[in-house]
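Participant: First, the structure itself, so that you have it in front of you.
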Amino acid sequence: MAQTRVEQKERTRRAILDAALALSEDSTLVALSLRQVAKEVGIVPTAFYRHFPSIEDLGLALVAESLDTLRTLLRELRRTAGEDAGTIIDGSVAVLVEQVRQDHAHYAFIARERFAGPAGVREAIARGIELAERELATDIAHLPGADTWTERDLQVLSELIVGSMVTTAERLLGTAPGSAAEERVAEAARTQLRMMLVGARNWRSRTT
């Protein structure tokens, strides 16, 4: 019986998250009310608080779901790809394309709330992106030739790469899965990342 209650609570929590994604699709989280979400799920408003303290906390959970999953997948890819930069680039773009396909609503939510959402949600998205940049900088430091770069230069390169991936994700949101438009966006991303890598390989950090 205890397990059944736990499962029911998780199902309700999932329903609340899904309802918030659907209801905020044409606006932002700021315009969403707790009562709207509760009505969509079929629960009384007070039941909402058993799962989230506020609408903003609900938004934070949605941010974590999206960015944590993507970061984990990209870290694992870099770990298994070794030092082959081409494999890392192709694999990273493929992971991003697949994630946007599978969780389109989540990434559309991130794109909307990144600039228009509640302050806490905007900050969570910014922190998630910054964490991805720091993790990437750590991994780049192990690539051939990167041992001569300063910590700041490693961070600058990771910011460029993550920024490109963020822009690519936003562009992918406007394409149909498997379409020629989707492939054009993916190919542009691969090309851009390779061009960054060419520049990086010829970069020499200033020591003064």
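The chains in the structure tokens are called A, B, ... from first to last as shown; in each chain the residues are counted from 1, and the ligands are counted from 1 in the order shown.
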Enumerate, as a count of residues only, the complete set of residues in range 85-176 of chain A that a backbone-based DSSP assignment places in helix (DSSP H, G or I).
Facilitator: 78
Participant: Neighbours of range 21-29 of chain A within 9 Å (only C-alpha atoms; same-chain residues fewer than 2 positions away dropped), as a PyMOL selection string?
Facilitator: chain A and resi 16-19+31-33+36-37+40+55-56+59+62+105-106+108-109+112-113+116-118
Participant: Would you mind exporting the chosen residues as a tab-separated table (two decimals), in the first residue's frame, restricted to N, CA and C atoms?
Facilitator:
chain	number	residue	atom	x	y	z
A	16	ILE	N	1.49	17.10	-13.17
A	16	ILE	CA	1.61	18.55	-12.93
A	16	ILE	C	2.69	19.15	-13.84
A	17	LEU	N	3.82	18.47	-13.94
A	17	LEU	CA	4.90	18.95	-14.81
A	17	LEU	C	4.44	19.00	-16.27
A	18	ASP	N	3.79	17.95	-16.71
A	18	ASP	CA	3.31	17.90	-18.10
A	18	ASP	C	2.26	18.96	-18.37
A	19	ALA	N	1.39	19.18	-17.39
A	19	ALA	CA	0.34	20.21	-17.55
A	19	ALA	C	0.96	21.59	-17.66
A	31	ALA	N	2.86	33.86	-16.58
A	31	ALA	CA	1.42	34.03	-16.81
A	31	ALA	C	0.60	32.85	-16.33
A	32	LEU	N	1.26	31.83	-15.83
A	32	LEU	CA	0.57	30.60	-15.43
A	32	LEU	C	0.19	30.65	-13.95
A	33	SER	N	-1.04	30.24	-13.65
A	33	SER	CA	-1.49	30.23	-12.26
A	33	SER	C	-1.55	28.81	-11.73
A	36	GLN	N	-4.80	27.10	-12.61
A	36	GLN	CA	-4.86	26.57	-13.98
A	36	GLN	C	-4.24	25.18	-14.05
A	37	VAL	N	-3.09	25.04	-13.43
A	37	VAL	CA	-2.39	23.75	-13.45
A	37	VAL	C	-3.20	22.69	-12.72
A	40	GLU	N	-6.14	21.57	-14.77
A	40	GLU	CA	-5.72	20.73	-15.89
A	40	GLU	C	-5.43	19.30	-15.44
A	55	ILE	N	4.72	27.85	-8.23
A	55	ILE	CA	4.86	27.68	-9.68
A	55	ILE	C	6.33	27.80	-10.09
A	56	GLU	N	7.04	28.71	-9.43
A	56	GLU	CA	8.46	28.87	-9.77
A	56	GLU	C	9.25	27.60	-9.47
A	59	GLY	N	8.78	25.24	-12.16
A	59	GLY	CA	9.64	25.61	-13.29
A	59	GLY	C	11.07	25.16	-13.09
A	62	LEU	N	11.40	21.56	-14.01
A	62	LEU	CA	11.41	21.37	-15.46
A	62	LEU	C	12.78	21.71	-16.05
A	105	ALA	N	8.95	19.74	-25.99
A	105	ALA	CA	8.25	20.66	-25.10
A	105	ALA	C	9.19	21.22	-24.02
A	106	HIS	N	10.07	20.36	-23.51
A	106	HIS	CA	11.01	20.81	-22.48
A	106	HIS	C	11.96	21.87	-23.02
A	108	ALA	N	11.57	23.76	-25.67
A	108	ALA	CA	10.81	24.97	-26.00
A	108	ALA	C	10.58	25.79	-24.73
A	109	PHE	N	10.32	25.09	-23.64
A	109	PHE	CA	10.15	25.75	-22.34
A	109	PHE	C	11.43	26.49	-21.95
A	112	ARG	N	11.89	29.63	-24.05
A	112	ARG	CA	10.99	30.72	-23.65
A	112	ARG	C	11.40	31.34	-22.32
A	113	GLU	N	11.64	30.47	-21.34
A	113	GLU	CA	11.86	30.95	-19.97
A	113	GLU	C	13.26	31.51	-19.75
A	116	ALA	N	12.32	35.21	-20.47
A	116	ALA	CA	11.02	35.76	-20.08
A	116	ALA	C	10.43	35.13	-18.82
A	117	GLY	N	11.09	34.13	-18.26
A	117	GLY	CA	10.54	33.43	-17.11
A	117	GLY	C	10.77	34.15	-15.80
A	118	PRO	N	10.28	33.59	-14.71
A	118	PRO	CA	10.53	34.16	-13.38
A	118	PRO	C	12.03	34.23	-13.11
Participant: For Val100 in chain A, list every protein, DNA or RNA residue within 12 Å, evaluated using only C-alpha atoms, and leave out those in the same chain fewer than 3 positions away; present the list as a count of residues only.
Facilitator: 33
Participant: Could you tell me how far CA of Ser205 in chain A lies from CA of Arg79 in chain A, in Å and to one decimal?
Facilitator: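 It comes out at 25.4 Å.
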Participant: Using only C-alpha atoms, tabulate the residues of range 46-76 of chain A lying at most 10 Å from any atom of range 136-146 of chain A, each with its closest atom pair and that distance in Å to one decimal, by chain and increasing residue number, as CSV.
Facilitator:
residue,atom,partner,partner_atom,distance
A:Arg71,CA,A:Leu136,CA,9.6
A:Leu74,CA,A:Leu136,CA,9.1
A:Arg75,CA,A:Leu136,CA,8.0
Participant: Using N, CA, C and O atoms, can you write the selected residues to a file as a short mmCIF file (atom, residue, chain, number, x, y, z; two decimals), in the first residue's frame?
Facilitator:
data_model
loop_
_atom_site.label_atom_id
_atom_site.label_comp_id
_atom_site.auth_asym_id
_atom_site.auth_seq_id
_atom_site.Cartn_x
_atom_site.Cartn_y
_atom_site.Cartn_z
N ARG A 71 23.27 17.36 -20.14
CA ARG A 71 24.66 17.43 -19.68
C ARG A 71 25.23 16.04 -19.41
O ARG A 71 26.38 15.75 -19.74
N LEU A 74 26.04 14.31 -22.76
CA LEU A 74 27.21 14.89 -23.43
C LEU A 74 28.49 14.54 -22.69
O LEU A 74 29.53 14.27 -23.33
N ARG A 75 28.44 14.51 -21.36
CA ARG A 75 29.63 14.11 -20.60
C ARG A 75 30.01 12.66 -20.91
O ARG A 75 31.19 12.34 -21.08
#
Participant: When you count only C-alpha atoms, which of these residues is closest to Glu183 in chain A: A:Glu98, A:Glu159, A:Glu130, A:Glu123?
Facilitator: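 Of the candidates, the smallest distance to Glu183 in chain A is held by A:Glu98.
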Participant: Calculated over only C-alpha atoms, which of the candidates A:Arg35, A:Arg206, A:His51, A:Leu60 has the smallest distance to Lys9 in chain A?
Facilitator: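 Once distances to Lys9 in chain A are computed over only C-alpha atoms, the minimum belongs to A:His51.
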Participant: Would you work out the distance separating CA of Ala64 in chain A from CA of Leu131 in chain A, expressed in Å to one decimal?
Facilitator: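 Distance reported for this atom pair: 12.0 Å.
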Participant: CA of Asp84 in chain A to CA of Arg127 in chain A: how many Å, to one decimal?
Facilitator: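 It comes out at 28.2 Å.
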